[in-house]
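Enquirer: Have a look at this one.
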Amino acid sequence: MAVTTPTRPAPAARPARPARSSFAPLNFWRSTIGKKTVMAVTGLLMLAFLLAHMLGNLKIFYGRDDFDHYADWLRTIGEPVLHGAWYLWIQRFVLTLAVVLHAVSAYQLSRRDLKARPAKYAHKQRAKAGYAVHVMRYGGITLALFIIYHILDFTSLTLNRHGVEGAAYDNVVSSFSVWWVTAIYILAMIFLGLHIQHGFWSAAQTLGLNRPSRDRAVHGIATGLAVLLTVGFLIVPVAVLAGLVG
Amino acid sequence: MTFFKLGDDIADTRAPDVPIEQRWDKRRFDAKLVNPANRRRHSVIIVGTGLAGGAAGATLAEQGYHVIQFCYQDSPRRAHSIAAQGGINAAKNYRNDGDSVYRLFYDTVKGGDFRARESNVYRLAQTSTQIIDQCVAQGVPFAREYSGLLDTRSFGGVQVARTFYARGQTGQQLLIGAYQALSRQIDAGNVEMHERTEMLDLIVVDGRARGIVARDLVTGQISTYLADAVVLATGGYGNVFYLSTNAKNSNASAIWRAHRRGAYFANPCYTQIHPTCIPRSGEYQSKLTLMSESLRNDGRIWVPKKAGDTRSPDQIPEEERDYYLERIYPGFGNLVPRDIASRAAKNQCDLGRGVGPGGLGVYLDFADAIRRLGEDKVREKYGNLFEMYDRITGEDPYKVPMRIYPAVHYTMGGLWVDYDLQSTIPGCFVVGEANFSDHGANRLGASALMQGLADGYFVLPPMLGNYIASSKFDKVTEAHPDVVETVNEATGRLTKLLSINGERTVDSFHRELGEIMWDECGMARSEDGLRKALGRLPELREEFWRSVKVPGTGSQVNQSLERANRVSDFLELGELMCVDALHREESCGGHFRVESQTPDGEARRDDERFAYAGAWEFGGTGEQPILHKEPLNFDYVHLAQRNYA
Amino acid sequence: MKLTLRIWRQAGPADSGRMVAYEVPDANPDMSFLELLDVLNERLTLEGDDPVTFDHDCREGICGACGVVINGQAHGPRERTTTCQLHMREFSDGDVIDVEPWRSVAFGVVKDLMVDRSGLDRIIRAGGYVSVNTGSAPEAHATPVPKPIADTAFDNATCIGCGACVAACPNGSAMLFTSAKVTHLNSLPQGAPERSERVLNLVEAMDAEGFGGCTNTGECTNACPKGIPLDSIATLNREYLRASLGRK
């Protein structure tokens with residue numbers, strides 16, 4: 001007996017650790033924690049942008065002139081130090097880079113995560129974590145698609161029914177007067193809220209800023225930000241649809 | 001009818017003949033050294049990765065030897081040292097409470113009921129302080145005071161607070177420390193670690209231990225591993241009793257196989273039985289769980305006065321309860337030593353006053369403590385233990401008294417070793433609970449961890465070096481006839497076990513063996529009972545080899561086969577334990593002979609006839625073993641009878 | 001009580017495996033879950049079937065050998081409890097109980113419910129230690145350790161390496177395990193000199209084993225029988241960032 005049985009894989013067949021690069025940022029990017037950190041930092045950057053974006057949107061309640069003037073100013077921030085729309089393009093570049101890094105990290109991590117658990121349990125796991133945690137991936141994809149739509153709607157004005165450059169107020173009103181456009185926005189903003197609710201706390205965790213003493217506060221801020229942004233962003237389309245703006 | 005033959009006396013020839021304080025220094029100075037550059041060419045096999053084995057593996061590898069190490073678990077971190085709760089003794093005297101190396105030595109010899117070798121115990125006490133330093137440096141998170149300094153407590157009826165601890169998980173923390181040190185050496189390539197690999201036999205070539213035969217528990221492959229020396233660190237043999245606080249897979253096969261190859265087995269009957277374990281709840285019970293004996297500090301132990309009283313405890317009025325420890329031992333009350341508390345519980349149950357399933361339990365009642373201290377205070381002190389009890393029994397100890405019963409916990413006996421920890425087979429060293437050396441007939445609380453680490457970190461390495469430096473090693477190959485024969489025997493045994501295909505499971509034999517051992521060779525042993533057991537055990541062994549059923553094949557994971565092989569060794573070891581218990585017509589420490597007691601029921605030693613360690617030589621399967629006596633001299637601690645009344 | 005167990009049976013790593021139902025008519029509420037499997041195995045043996053293989057050893061919740069997924073939950077329904085300490089009184093007469101092995105690409109099934117967790121050992125080998133040779137230690141009281149730090153180190157050192165965190169994580173991530181070791185050693189002064197190298201090496205080894213990343217779902221800490229907190233993962237992240245920024 002036992003003489004012809006197979007031997008266990010030799011230690012050499014075990015996964016070898018990759019050689020460490022002398023370029024530290026590369027090692028960082030290669031690691032799961034490094035990618036998570038990239039997601040956290042880019043996520044917070046986008047969050048900051050969204051806060052400003054949301055507050056700016058509310059200017060629509062001051063009327064057409066005010067809003068259009070504001071929209072025009074956005075294109076010229078930084079003048080005269082920066083020439084023309086330079087600031088705008090810098091911001092666009094940074095945000096695009098953030099979205100791309102966020103998405104690439106998410107994609108690579110997700111692929112890895114799905115590969116790490118190829119077999120599911122026959123008995124479905126009863127998740128103890130909240131709903132927000134489980135819609136991060138799908139919510140993220142939804143938001144990416146939404147951003148494209150949103151840019152085509154209000155930036156390039158490709159899809160906008162009014163579509164007159166410089167007439168921001170009318171462009172907004174024309175889009176949100178259509179019920180299904182507003183519906184798309186409502187859905188997307190709910191996903192955004194959920195994404196931020198988990199994402200903000202998760203970013204604090206990933207950046208190592210969480211402590212047991214701060215955990216409640218971080219959760220509270222995350223929920224507060226999520227509600228604030230969702231509601232803040234939705235006031236405008238709902239107001240348009242309800243005829244309060246127009 | 002006698003069950004053994006008498007051989008010549010043996011003696012330890014390694015401890016130098018100088019005052020006891022100087023012996024270890026002198027021995028280390030006399031020891032030969034191996035040139036550091038040459039150590040890499042010497043390989044050492046270590047079986048087991050508990051405190052003793054893990055510490056030895058890490059240390060020998062650090063020194064440059066090539067270590068080949070084995071454990072049956074899937075990771076070296078799971079060895080059963082991990083389950084030790086209480087703490088580890090060390091003569092640091094941080095409390096300035098009068099502790100010293102000499103006092104730890106004295107307490108250990110006395111606690112061992114004068115059946116340990118003084119030289120070894122003194123060295124253990126000397127080494128103890130270094131262990132704490134080493135463990136702290138490894139990052140073992142011992143309990144600390146607000147000053148940031150280490151906290152200690154007193155343990156097991158000792159007058160000084162010399163026990164270092166890490167909450168109720170000291171064994172775990174120390175083992176993780178040793179495991180991490182070992183992991184570092186595995187990563188460095190100095191230790192070749194074989195997990196899920198179990199030793200089947202010892203290879204002895206030209207009278208010296210040169211390797212082992214081991215089975216890969218995943219593939220079933222049986223392989224030989226050859227080296228210059230073999231270290232056995234495989235723990236105790238409490239699982240002979242089937243139910244014990246040992247891990248389910250703890251076994252005696254390594255030391256028993258070595259015994260069959262020529263290593264003497266000393267004092268096999270010395271078994272420690274722990275009084276505060278959770279009683280068994282039914283036939284299916286697979287192991288017993290210990291609760292810290294600190295519970296006896298505040299709990300009161302009682303049974304109903306009336307035999308066969310089935311009322312629930314709250315229905316039994318105060319005057320119908322017997323707080324028997326307080327009654328019989330008014331001086332120490334519920335805090336009498338382990339063996340006395342255990343035996344008293346058994347006596348009460350034998351009188352039919354036991355409580356719970358099968359009448360095998362006594363109450364440990366905290367009602368008074370809760371009244372006196374308040375529930376919060378009790379929760380603070382014992383919360384985790386109460387929770388554990390609740391989890392296992394489903395009863396809330398804050399409301400219902402706990403039920404406890406003694407259980408086999410530790411075995412003081414083991415392979416005989418000299419001062420160098422070498423067995424009677426040259427090149428076969430034995431460390432930790434697997435040897436017999438330091439605890440005599442009874443081990444003090446928090447001393448097992450101390451001994452395991454002392455052996456592994458500090459005692460074995462220089463002595464093993466001495467052996468290697470003073471020996472010449474001819475190359476042994478797998479083709480050597482002695483190697484081939486050992487492999488064939490080991491393989492043949494497994495083949496036989498698989499081929500019997502009888503009608504009884506391995507566990508049913510193990511359970512029956514356990515019952516015989518518990519009844520006749522447990523807390524109280526009598527000549528009649530032991531003779532009865534010695535009549536039954538050979539029959540059981542034959543029945544086992546005739547009708548055991550082991551399913552499956554040898555070339556796969558086969559846990560039934562693993563168990564069958566272990567039980568076959570337990571069956572033989574159980575017999576030797578009974579022979580040893582029968583021949584030792586005295587009571588000492590964990591060995592209580594009903595014929596040898598004082599009029600008030602206390603253990604009575606017979607120093608005239610039995611002040612020796614009984615080292616047994618294997619006489620052949622079913623043949624009588626041969627007893628070699630190692631007379632014990634007490635030049636420093638004077639013989640005295642224990643008295644706790 | 002009468003129970004139906006549906007158990008994952010898989011003859012070996014190459015076998016595909018499936019769930020097989022077994023009736024256990026004589027279960028007792030006071031049995032532990034492993035004793036229930038013992039009783040089933042005794043019967044299977046006598047009936048000539050292959051008994052169910054499962055890892056187990058100390059049976060008192062400390063060695064970390066046992067662990068199966070019971071009804072989708074690592075170590076079963078009771079919090080902070082290993083499989084060996086789970087008792088059948090947590091279930092009701094007539095229950096159907098699904099029993100499966102830990103699932104992760106890093107934990108291959110060896111047989112039935114037994115998996116290969118050696119990846120966890122290899123993470124420790126990459127640097128989960130303090131490099132101090134036997135005999136070279138300074139006097140234990142030479143470096144006082146503030147009690148809160150000693151307590152944090154202890155809480156993290158109680159990890160039993162059972163792998164429940166990996167089994168419960170939807171990504172099969174070993175972050176909680178790794179973070180426990182990093183937090184244990186990096187918070188102590190004894191572990192400080194190797195602080196940066198340790199965390200870089202451990203994370204590198206963890207990633208190389210194929211464990212998934214952390215998405216901060218918290219399933220690991222819910223399943224952990226020793227209650228290692230999620231906060232330890234924050235500490236690991238912090239230590240990793242610190243080391244990546246080149247601080248020693």
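FYI, nothing fancy with the structure tokens labels: chains A, B, ... in order, residues from 1 per chain, ligands from 1 as they appear.
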Within 9 Å of region 133-141 of chain A, counting only C-alpha atoms, which residues qualify if same-chain residues fewer than 2 places away don't, as a CSV table (one decimal) with C-alpha atoms, in the first residue's frame?
Expert:
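Output saved as result17.csv:
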chain,number,residue,atom,x,y,z
A,103,ALA,CA,-12.7,52.5,-11.9
A,106,ALA,CA,-12.3,48.7,-8.7
A,107,TYR,CA,-12.3,46.6,-11.8
A,110,SER,CA,-13.3,43.0,-8.3
A,129,ALA,CA,-23.5,43.9,6.5
A,130,GLY,CA,-26.0,46.6,5.3
A,131,TYR,CA,-27.5,46.9,1.8
A,143,LEU,CA,-22.8,55.7,-11.7
A,144,ALA,CA,-20.2,55.4,-14.4
A,145,LEU,CA,-22.9,55.0,-17.0
A,146,PHE,CA,-24.7,57.9,-15.5
A,188,ALA,CA,-28.7,57.6,-10.0
A,191,PHE,CA,-27.2,54.9,-6.0
A,192,LEU,CA,-24.8,57.8,-5.3
A,194,LEU,CA,-25.7,54.5,-1.1
A,195,HIS,CA,-22.2,54.6,-2.7
A,197,GLN,CA,-22.7,56.0,2.7
A,198,HIS,CA,-20.4,52.9,2.5
A,199,GLY,CA,-17.7,54.5,0.4
C,215,THR,CA,-14.2,45.7,0.6
C,216,ASN,CA,-14.9,46.6,4.2
C,217,THR,CA,-18.1,44.5,4.4
Enquirer: As a list of chain:residue names, please: the residues near Thr230 (chain A) (cut-off 10 Å, only C-alpha atoms, same-chain neighbours under 3 positions excluded).
Expert: A:Met54, A:Ile186, A:Leu187, A:Ala188, A:Met189, A:Ile190, A:Phe191, A:Leu192, A:Gly193, A:Leu194, A:Ile196, A:Gly224, A:Leu225, A:Ala226, A:Val227, A:Phe233, A:Leu234, A:Ile235
Enquirer: Check the smallest atom-to-atom distance from each of B:Thr495, B:Gln185, B:Ser43, B:Ser342 to chain A using only C-alpha atoms, then report the winner.
Expert: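 Of all the options, B:Thr495 lies closest to chain A.
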Enquirer: Give me the residues near Gly128 (chain C) as a list of chain:residue names, where near means some atom within 7 Å (using only C-alpha atoms) and where sequence neighbours in that chain fewer than 4 positions away do not count.
Expert: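 Contacts, in chain order: B:Gln180, C:Ile124, C:Lys181, C:Arg198.
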Enquirer: Please identify every residue of chain C that has at least one atom no more than 6 Å from any atom of chain B, counting only C-alpha atoms, and report them as a list in words.
Expert: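 Per the criterion, chain C yields Asp57, Cys58, Cys63, Arg125, Tyr129, Val130, Thr134, Ala137, Glu139, Ala140, Pro144, Val145, Pro146, Lys147, Ala150, Phe154 and Gln190 of chain C.
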Enquirer: Output N, CA and C atoms of each residue in that selection to a file, as a PDB file, in the first residue's frame.
Expert:
ATOM      1  N   ASP C  57      -9.444  19.268  16.696  1.00  0.00           N
ATOM      2  CA  ASP C  57      -8.439  18.751  17.620  1.00  0.00           C
ATOM      3  C   ASP C  57      -8.775  19.050  19.081  1.00  0.00           C
ATOM      4  N   CYS C  58      -8.586  20.287  19.522  1.00  0.00           N
ATOM      5  CA  CYS C  58      -8.711  20.522  20.967  1.00  0.00           C
ATOM      6  C   CYS C  58     -10.150  20.411  21.443  1.00  0.00           C
ATOM      7  N   CYS C  63      -7.697  25.776  19.454  1.00  0.00           N
ATOM      8  CA  CYS C  63      -6.634  25.352  18.534  1.00  0.00           C
ATOM      9  C   CYS C  63      -6.868  25.886  17.126  1.00  0.00           C
ATOM     10  N   ARG C 125       4.963  33.283   8.099  1.00  0.00           N
ATOM     11  CA  ARG C 125       6.378  33.030   7.802  1.00  0.00           C
ATOM     12  C   ARG C 125       7.039  34.215   7.113  1.00  0.00           C
ATOM     13  N   TYR C 129       6.676  37.760  13.063  1.00  0.00           N
ATOM     14  CA  TYR C 129       7.459  37.378  14.240  1.00  0.00           C
ATOM     15  C   TYR C 129       8.371  38.533  14.613  1.00  0.00           C
ATOM     16  N   VAL C 130       8.976  38.403  15.782  1.00  0.00           N
ATOM     17  CA  VAL C 130      10.032  39.333  16.176  1.00  0.00           C
ATOM     18  C   VAL C 130      11.331  38.550  16.035  1.00  0.00           C
ATOM     19  N   THR C 134      16.935  32.773  20.546  1.00  0.00           N
ATOM     20  CA  THR C 134      16.858  32.298  21.919  1.00  0.00           C
ATOM     21  C   THR C 134      18.132  32.678  22.666  1.00  0.00           C
ATOM     22  N   ALA C 137      17.551  37.659  24.593  1.00  0.00           N
ATOM     23  CA  ALA C 137      16.526  38.590  25.067  1.00  0.00           C
ATOM     24  C   ALA C 137      17.026  39.420  26.239  1.00  0.00           C
ATOM     25  N   GLU C 139      16.383  41.604  29.792  1.00  0.00           N
ATOM     26  CA  GLU C 139      15.539  41.397  30.978  1.00  0.00           C
ATOM     27  C   GLU C 139      14.108  41.881  30.673  1.00  0.00           C
ATOM     28  N   ALA C 140      13.135  41.067  31.094  1.00  0.00           N
ATOM     29  CA  ALA C 140      11.739  41.319  30.712  1.00  0.00           C
ATOM     30  C   ALA C 140      11.244  42.692  31.138  1.00  0.00           C
ATOM     31  N   PRO C 144       9.096  48.675  29.795  1.00  0.00           N
ATOM     32  CA  PRO C 144       7.691  48.624  30.212  1.00  0.00           C
ATOM     33  C   PRO C 144       6.780  48.829  28.999  1.00  0.00           C
ATOM     34  N   VAL C 145       5.645  48.179  29.024  1.00  0.00           N
ATOM     35  CA  VAL C 145       4.675  48.354  27.937  1.00  0.00           C
ATOM     36  C   VAL C 145       3.388  48.878  28.554  1.00  0.00           C
ATOM     37  N   PRO C 146       2.938  50.066  28.159  1.00  0.00           N
ATOM     38  CA  PRO C 146       1.700  50.581  28.751  1.00  0.00           C
ATOM     39  C   PRO C 146       0.562  49.575  28.632  1.00  0.00           C
ATOM     40  N   LYS C 147      -0.216  49.478  29.678  1.00  0.00           N
ATOM     41  CA  LYS C 147      -1.261  48.455  29.719  1.00  0.00           C
ATOM     42  C   LYS C 147      -2.218  48.496  28.529  1.00  0.00           C
ATOM     43  N   ALA C 150      -0.514  46.819  25.707  1.00  0.00           N
ATOM     44  CA  ALA C 150      -0.424  45.374  25.949  1.00  0.00           C
ATOM     45  C   ALA C 150      -1.779  44.716  25.719  1.00  0.00           C
ATOM     46  N   PHE C 154      -2.713  41.909  23.008  1.00  0.00           N
ATOM     47  CA  PHE C 154      -3.315  40.638  23.416  1.00  0.00           C
ATOM     48  C   PHE C 154      -4.586  40.348  22.634  1.00  0.00           C
ATOM     49  N   GLN C 190       8.556  45.795  21.340  1.00  0.00           N
ATOM     50  CA  GLN C 190       9.448  44.725  20.889  1.00  0.00           C
ATOM     51  C   GLN C 190       9.352  44.515  19.381  1.00  0.00           C
TER      52      GLN C 190
END
Enquirer: State, in Å with one decimal place, the distance from CA of Gln22 (chain B) to CA of Asn120 (chain B).
Expert: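 CA of Asn120 (chain B) lies at a distance of 12.2 Å from CA of Gln22 (chain B).
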Enquirer: So which bits of region 130-256 of chain B end up strand (DSSP E) when you DSSP the backbone, as a ChimeraX atom specification?
Expert: /B:152-153,163-164,191-194,197-205,208-216,222-226,229-232
Enquirer: For N, CA and C atoms, I'd like the residues from the last selection saved as a tab-separated table (two decimals), in the first residue's frame.
Expert:
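Writing done, so here's result17.tsv:
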chain	number	residue	atom	x	y	z
B	152	THR	N	1.76	39.45	38.03
B	152	THR	CA	1.85	38.03	38.39
B	152	THR	C	0.75	37.72	39.37
B	153	ARG	N	0.45	36.43	39.50
B	153	ARG	CA	-0.52	36.04	40.51
B	153	ARG	C	-0.06	34.75	41.17
B	163	THR	N	3.36	33.47	39.14
B	163	THR	CA	2.77	32.98	37.90
B	163	THR	C	2.48	34.14	36.96
B	164	PHE	N	3.13	34.13	35.81
B	164	PHE	CA	2.89	35.11	34.75
B	164	PHE	C	1.78	34.57	33.87
B	191	VAL	N	14.40	25.20	8.75
B	191	VAL	CA	13.52	24.13	9.23
B	191	VAL	C	12.71	23.63	8.05
B	192	GLU	N	12.73	22.32	7.89
B	192	GLU	CA	11.91	21.69	6.85
B	192	GLU	C	10.67	21.18	7.58
B	193	MET	N	9.55	21.88	7.36
B	193	MET	CA	8.36	21.60	8.17
B	193	MET	C	7.43	20.64	7.42
B	194	HIS	N	7.04	19.58	8.09
B	194	HIS	CA	6.08	18.63	7.51
B	194	HIS	C	4.81	18.64	8.34
B	197	THR	N	1.67	15.25	9.04
B	197	THR	CA	2.52	14.08	8.86
B	197	THR	C	2.74	13.47	10.24
B	198	GLU	N	2.43	12.19	10.37
B	198	GLU	CA	2.46	11.57	11.68
B	198	GLU	C	3.54	10.50	11.75
B	199	MET	N	4.31	10.55	12.85
B	199	MET	CA	5.36	9.56	13.06
B	199	MET	C	4.74	8.19	13.32
B	200	LEU	N	5.23	7.19	12.61
B	200	LEU	CA	4.73	5.82	12.83
B	200	LEU	C	5.71	4.99	13.63
B	201	ASP	N	7.01	5.26	13.46
B	201	ASP	CA	7.99	4.46	14.19
B	201	ASP	C	9.33	5.17	14.23
B	202	LEU	N	10.16	4.71	15.16
B	202	LEU	CA	11.50	5.27	15.33
B	202	LEU	C	12.49	4.34	14.63
B	203	ILE	N	13.41	4.93	13.89
B	203	ILE	CA	14.43	4.12	13.23
B	203	ILE	C	15.69	4.11	14.08
B	204	VAL	N	16.06	2.91	14.52
B	204	VAL	CA	17.26	2.76	15.34
B	204	VAL	C	18.27	1.96	14.53
B	205	VAL	N	19.44	2.56	14.29
B	205	VAL	CA	20.49	1.88	13.53
B	205	VAL	C	21.73	1.80	14.41
B	208	ARG	N	21.51	3.43	17.79
B	208	ARG	CA	21.27	4.86	17.94
B	208	ARG	C	20.08	5.30	17.10
B	209	ALA	N	19.33	6.27	17.63
B	209	ALA	CA	18.16	6.79	16.90
B	209	ALA	C	18.67	7.57	15.69
B	210	ARG	N	18.22	7.18	14.49
B	210	ARG	CA	18.72	7.84	13.28
B	210	ARG	C	17.61	8.32	12.37
B	211	GLY	N	16.36	8.19	12.81
B	211	GLY	CA	15.30	8.69	11.93
B	211	GLY	C	13.94	8.19	12.35
B	212	ILE	N	12.97	8.53	11.54
B	212	ILE	CA	11.61	8.07	11.83
B	212	ILE	C	10.94	7.62	10.53
B	213	VAL	N	9.92	6.81	10.72
B	213	VAL	CA	9.03	6.48	9.62
B	213	VAL	C	7.77	7.30	9.85
B	214	ALA	N	7.30	8.00	8.83
B	214	ALA	CA	6.14	8.86	9.03
B	214	ALA	C	5.17	8.71	7.87
B	215	ARG	N	3.91	8.97	8.17
B	215	ARG	CA	2.87	8.86	7.14
B	215	ARG	C	2.32	10.25	6.84
B	216	ASP	N	2.30	10.57	5.57
B	216	ASP	CA	1.67	11.80	5.11
B	216	ASP	C	0.16	11.58	5.22
B	222	ILE	N	3.93	6.64	2.95
B	222	ILE	CA	4.78	6.35	4.10
B	222	ILE	C	6.23	6.59	3.68
B	223	SER	N	6.93	7.45	4.43
B	223	SER	CA	8.29	7.80	4.04
B	223	SER	C	9.23	7.65	5.22
B	224	THR	N	10.51	7.56	4.90
B	224	THR	CA	11.51	7.56	5.96
B	224	THR	C	12.21	8.90	5.95
B	225	TYR	N	12.54	9.35	7.13
B	225	TYR	CA	13.32	10.57	7.29
B	225	TYR	C	14.51	10.22	8.16
B	226	LEU	N	15.70	10.52	7.66
B	226	LEU	CA	16.91	10.13	8.39
B	226	LEU	C	17.63	11.38	8.87
B	229	ALA	N	19.96	12.86	14.88
B	229	ALA	CA	19.32	12.67	16.18
B	229	ALA	C	17.82	12.88	16.02
B	230	VAL	N	17.08	12.33	16.97
B	230	VAL	CA	15.62	12.46	16.93
B	230	VAL	C	15.15	13.03	18.27
B	231	VAL	N	14.31	14.06	18.21
B	231	VAL	CA	13.75	14.65	19.43
B	231	VAL	C	12.25	14.38	19.43
B	232	LEU	N	11.78	13.77	20.50
B	232	LEU	CA	10.34	13.53	20.61
B	232	LEU	C	9.74	14.60	21.52
Enquirer: Taking the DSSP secondary structure from the backbone, can you list the residues of region 137-231 of chain C that are alpha helix (DSSP H), as number ranges by chain?
Expert: C: 147-157, 164-168, 175-186, 195-208, 219-223, 231
Enquirer: Give me, as a ChimeraX atom specification, all polymer residues having an atom no more than 12 Å from region 332-336 of chain B, counting only C-alpha atoms and skipping those fewer than 2 positions away in the same chain.
Expert: /B:155-158,275-276,293-302,323-330,338-345,363-365,602,642-645
